[in-house]
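Enquirer: Would you mind keeping the following structure in view while I ask a few things?
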Amino acid sequence: MHLLIPAAGSGKRMGADRNKLLLQVRSKPLIAWTLLAAEAASSISWIGIVSQPQDWDEFKSIIADLKLKKTIELISGGSTRQESVYHGLQALPSNAAQVLIHDGARCLATPDLFNACSEAILYCSGLIAAVPVKDTIKVVDDNGIIKSTPERKQLWAAQTPQGFDVKLLKKCHVEGIRQGWEVTDDAALFEKCGIEVRIVLGEETNLKITTPQDLAIAEFILSYRE
Ligand SMILES: Nc1ccn([C@@H]2O[C@H](COP(=O)(O)OP(=O)(O)OP(=O)(O)O)[C@@H](O)[C@H]2O)c(=O)n1
Ligand SMILES: C[C@](O)(CO)[C@H](O)COP(=O)(O)O
């Protein structure tokens, strides 16, 4: 399976002075944990890291330190996640029929989750890892007034990996550009194009490291795994 890792963000919500994926978590750069999980997933054979060229020297040195055995390519990122994935899709080898996309910032996903998504995408056109929402969610207007309470059993929190048929995902991205759609994940492009996307049960610990609090939680979770 081919895996694209969007890793070209700037980490504004982290408030750091550089790409948050280069920050240390339990004595390794955050992206190292993501790469180690992908390396350990037997289903993954090729990894494309979509990142800003200014970070490439650091990424190369991380890859060398980890002594990864899988084929890894660095691909130039875009100015949004959507654009970065689009660049990644153009750089896939021509024999890639399906692809998994996994945020570099989700450094706690396990090899088992990668393998489950790789297996499931052989039987559908699009999927995402997701977990049922535990909170009661409120829809609130601009004045802070609750408008509705959606039924919880229909609410799932989207994660990555997300898996797709490559030809279909490329078409959806092109349609997204044509229509000017701005989305935060690839499943949303499938949804907008009217193509079914399935859920694979994700992992409660598969957080996206977005804020300094998330970094502290990741430290805690990884300390239990070592
Ligand atoms: N232009 C971008 C923006 C984001 N990403 C990647 O998409 C994933 C999810 O994005 P997010 O957590 O929002 O990362 P940042 O954009 O870095 O964070 P922020 O939104 O706080 O600036 C991350 O692995 C990030 O590196 C990317 O590849 N290209
Ligand atoms: C793809 C994603 O990780 C699903 O949860 C997420 O949508 C991407 O990041 P952002 O927080 O929406 O910028």
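Residue numbering restarts at 1 for every chain of the structure tokens, chains are lettered A, B, ... in their displayed order, and ligands are numbered from 1 as they appear.
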If you count only C-alpha atoms and all ligand atoms, which residues end up within 7 Å of ligand 1, as a list in words?
Expert: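 The neighbouring residues of ligand 1 are, in order, Pro6, Ala7, Ala8, Gly9, Ser10, Gly11, Lys12, Arg13, Met14, Asn19, Lys20, Leu21, Val50, Ser51, Gly77, Gly78, Ser79, Thr80, Arg81, Glu83, Ser84, Val85, Asp103, Gly104, Ala105, Arg106, Lys208, Ile209 and Thr210 of chain A.
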Enquirer: Please produce an output containing N, CA, C and O atoms for each residue in the selection, written as a compact mmCIF listing (two decimals), in the first residue's frame.
Expert:
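Result file follows (result.txt):
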```txt
# COMPACT_ATOMS: atom_id res chain seq x y z
N PRO A 6 0.75 13.99 4.86
CA PRO A 6 0.80 15.46 4.84
C PRO A 6 1.58 15.95 6.06
O PRO A 6 1.20 15.65 7.20
N ALA A 7 2.66 16.66 5.82
CA ALA A 7 3.54 17.10 6.91
C ALA A 7 4.05 18.51 6.63
O ALA A 7 5.12 18.89 7.07
N ALA A 8 3.27 19.28 5.85
CA ALA A 8 3.76 20.58 5.36
C ALA A 8 3.13 21.76 6.08
O ALA A 8 3.19 22.89 5.58
N GLY A 9 2.52 21.51 7.24
CA GLY A 9 1.86 22.60 7.96
C GLY A 9 2.84 23.48 8.71
O GLY A 9 4.04 23.21 8.75
N SER A 10 2.29 24.54 9.33
CA SER A 10 3.17 25.43 10.09
C SER A 10 2.87 25.35 11.59
O SER A 10 3.65 25.84 12.40
N GLY A 11 1.78 24.71 11.95
CA GLY A 11 1.50 24.52 13.38
C GLY A 11 1.13 25.80 14.10
O GLY A 11 1.57 26.03 15.23
N LYS A 12 0.27 26.63 13.47
CA LYS A 12 -0.11 27.92 14.10
C LYS A 12 -0.71 27.70 15.48
O LYS A 12 -0.40 28.41 16.43
N ARG A 13 -1.60 26.72 15.59
CA ARG A 13 -2.30 26.50 16.87
C ARG A 13 -1.37 25.96 17.95
O ARG A 13 -1.67 26.03 19.13
N MET A 14 -0.22 25.44 17.55
CA MET A 14 0.77 24.98 18.52
C MET A 14 1.54 26.18 19.07
O MET A 14 2.05 26.14 20.19
N ASN A 19 7.66 24.15 12.20
CA ASN A 19 6.72 23.06 11.95
C ASN A 19 6.61 22.19 13.22
O ASN A 19 7.61 21.65 13.70
N LYS A 20 5.38 22.05 13.74
CA LYS A 20 5.21 21.29 15.00
C LYS A 20 5.68 19.85 14.88
O LYS A 20 5.99 19.21 15.90
N LEU A 21 5.76 19.32 13.66
CA LEU A 21 6.17 17.92 13.49
C LEU A 21 7.65 17.72 13.82
O LEU A 21 8.12 16.59 13.95
N VAL A 50 4.82 14.65 2.42
CA VAL A 50 4.58 15.93 1.73
C VAL A 50 4.97 17.03 2.71
O VAL A 50 4.35 17.18 3.77
N SER A 51 6.00 17.77 2.36
CA SER A 51 6.55 18.72 3.34
C SER A 51 7.17 19.92 2.62
O SER A 51 7.43 19.87 1.42
N GLY A 77 5.19 20.43 -0.39
CA GLY A 77 3.84 20.69 0.13
C GLY A 77 3.21 21.93 -0.48
O GLY A 77 3.86 22.71 -1.18
N GLY A 78 1.92 22.12 -0.20
CA GLY A 78 1.19 23.29 -0.67
C GLY A 78 0.87 24.22 0.49
O GLY A 78 1.34 24.02 1.62
N SER A 79 0.01 25.21 0.23
CA SER A 79 -0.27 26.19 1.28
C SER A 79 -1.44 25.76 2.17
O SER A 79 -1.69 26.39 3.21
N THR A 80 -2.15 24.71 1.81
CA THR A 80 -3.18 24.12 2.68
C THR A 80 -2.99 22.61 2.68
O THR A 80 -2.31 22.08 1.78
N ARG A 81 -3.63 21.94 3.65
CA ARG A 81 -3.54 20.48 3.67
C ARG A 81 -4.07 19.91 2.35
O ARG A 81 -3.50 18.98 1.77
N GLU A 83 -4.13 21.21 -0.59
CA GLU A 83 -3.16 21.39 -1.68
C GLU A 83 -1.98 20.43 -1.52
O GLU A 83 -1.47 19.89 -2.50
N SER A 84 -1.57 20.20 -0.28
CA SER A 84 -0.46 19.27 -0.05
C SER A 84 -0.83 17.86 -0.49
O SER A 84 -0.03 17.17 -1.13
N VAL A 85 -2.05 17.44 -0.17
CA VAL A 85 -2.47 16.09 -0.60
C VAL A 85 -2.52 16.03 -2.12
O VAL A 85 -2.08 15.05 -2.73
N ASP A 103 -2.21 12.04 8.42
CA ASP A 103 -1.58 13.27 8.92
C ASP A 103 -0.29 12.97 9.68
O ASP A 103 -0.31 12.16 10.63
N GLY A 104 0.78 13.67 9.33
CA GLY A 104 2.00 13.54 10.12
C GLY A 104 1.74 13.86 11.58
O GLY A 104 2.39 13.33 12.47
N ALA A 105 0.76 14.74 11.82
CA ALA A 105 0.47 15.18 13.19
C ALA A 105 -0.26 14.13 14.02
O ALA A 105 -0.46 14.32 15.22
N ARG A 106 -0.68 13.02 13.41
CA ARG A 106 -1.33 11.94 14.19
C ARG A 106 -0.28 10.88 14.49
O ARG A 106 -0.26 9.81 13.88
N LYS A 208 -4.89 14.08 16.95
CA LYS A 208 -4.08 14.95 16.08
C LYS A 208 -3.40 15.94 17.01
O LYS A 208 -4.08 16.64 17.78
N ILE A 209 -2.09 16.01 16.96
CA ILE A 209 -1.36 16.90 17.87
C ILE A 209 -1.48 18.31 17.30
O ILE A 209 -0.87 18.65 16.28
N THR A 210 -2.31 19.11 17.96
CA THR A 210 -2.66 20.44 17.44
C THR A 210 -2.19 21.54 18.39
O THR A 210 -1.71 22.58 17.94
```
Enquirer: Could the residues that lie within 6 Å of ligand 2, counting only C-alpha atoms and all ligand atoms, be listed as a list in words?
Expert: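 Those residues are Ala158, Gln159, Thr160, Thr184 and Asp185 of chain A.
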Enquirer: According to DSSP computed on the backbone, where in segment 133-170 of chain A is there strand (DSSP E)? Give the residues as an NGL selection string.
Expert: :A and (139-140 or 146-148 or 156-165)
Enquirer: Kindly give the distance, in Å, that separates atom CA of Ser148 of chain A and atom CA of Val131 of chain A, rounded to a single decimal.
Expert: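 Separating atom CA of Ser148 of chain A from atom CA of Val131 of chain A is a distance of 21.7 Å.
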Enquirer: Have a look at atom CA of Asp112 of chain A and atom CA of Val200 of chain A and let me know their distance in Å, one decimal.
Expert: 11.9 Å
Enquirer: Residues near Ala120 of chain A, anyone? I mean within 12 Å using only C-alpha atoms, not counting same-chain ones fewer than 2 positions away, as a PyMOL selection string.
Expert: chain A and resi 1+43+98-100+113-118+122-129+161-165+197-201
Enquirer: Which residues come within 12 Å of Trp33 of chain A, counting only C-alpha atoms, excluding same-chain residues fewer than 3 positions away, as a ChimeraX atom specification?
Expert: /A:21-30,36-40,62-63,66,68,103-111,206,209,218-219,221-222,225-226
Enquirer: Mind giving me the straight-line distance from atom CA of Gln90 of chain A to atom CA of Asp186 of chain A in Å, one decimal?
Expert: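 Computing it gives 14.8 Å between the two atoms.
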Enquirer: Using only C-alpha atoms, which of the listed residues (A:His87, A:Lys192, A:Lys70, A:Arg152) sits closest to Cys172 of chain A?
Expert: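 Of A:His87, A:Lys192, A:Lys70, A:Arg152, the one nearest Cys172 of chain A, counting only C-alpha atoms, is A:Lys192.
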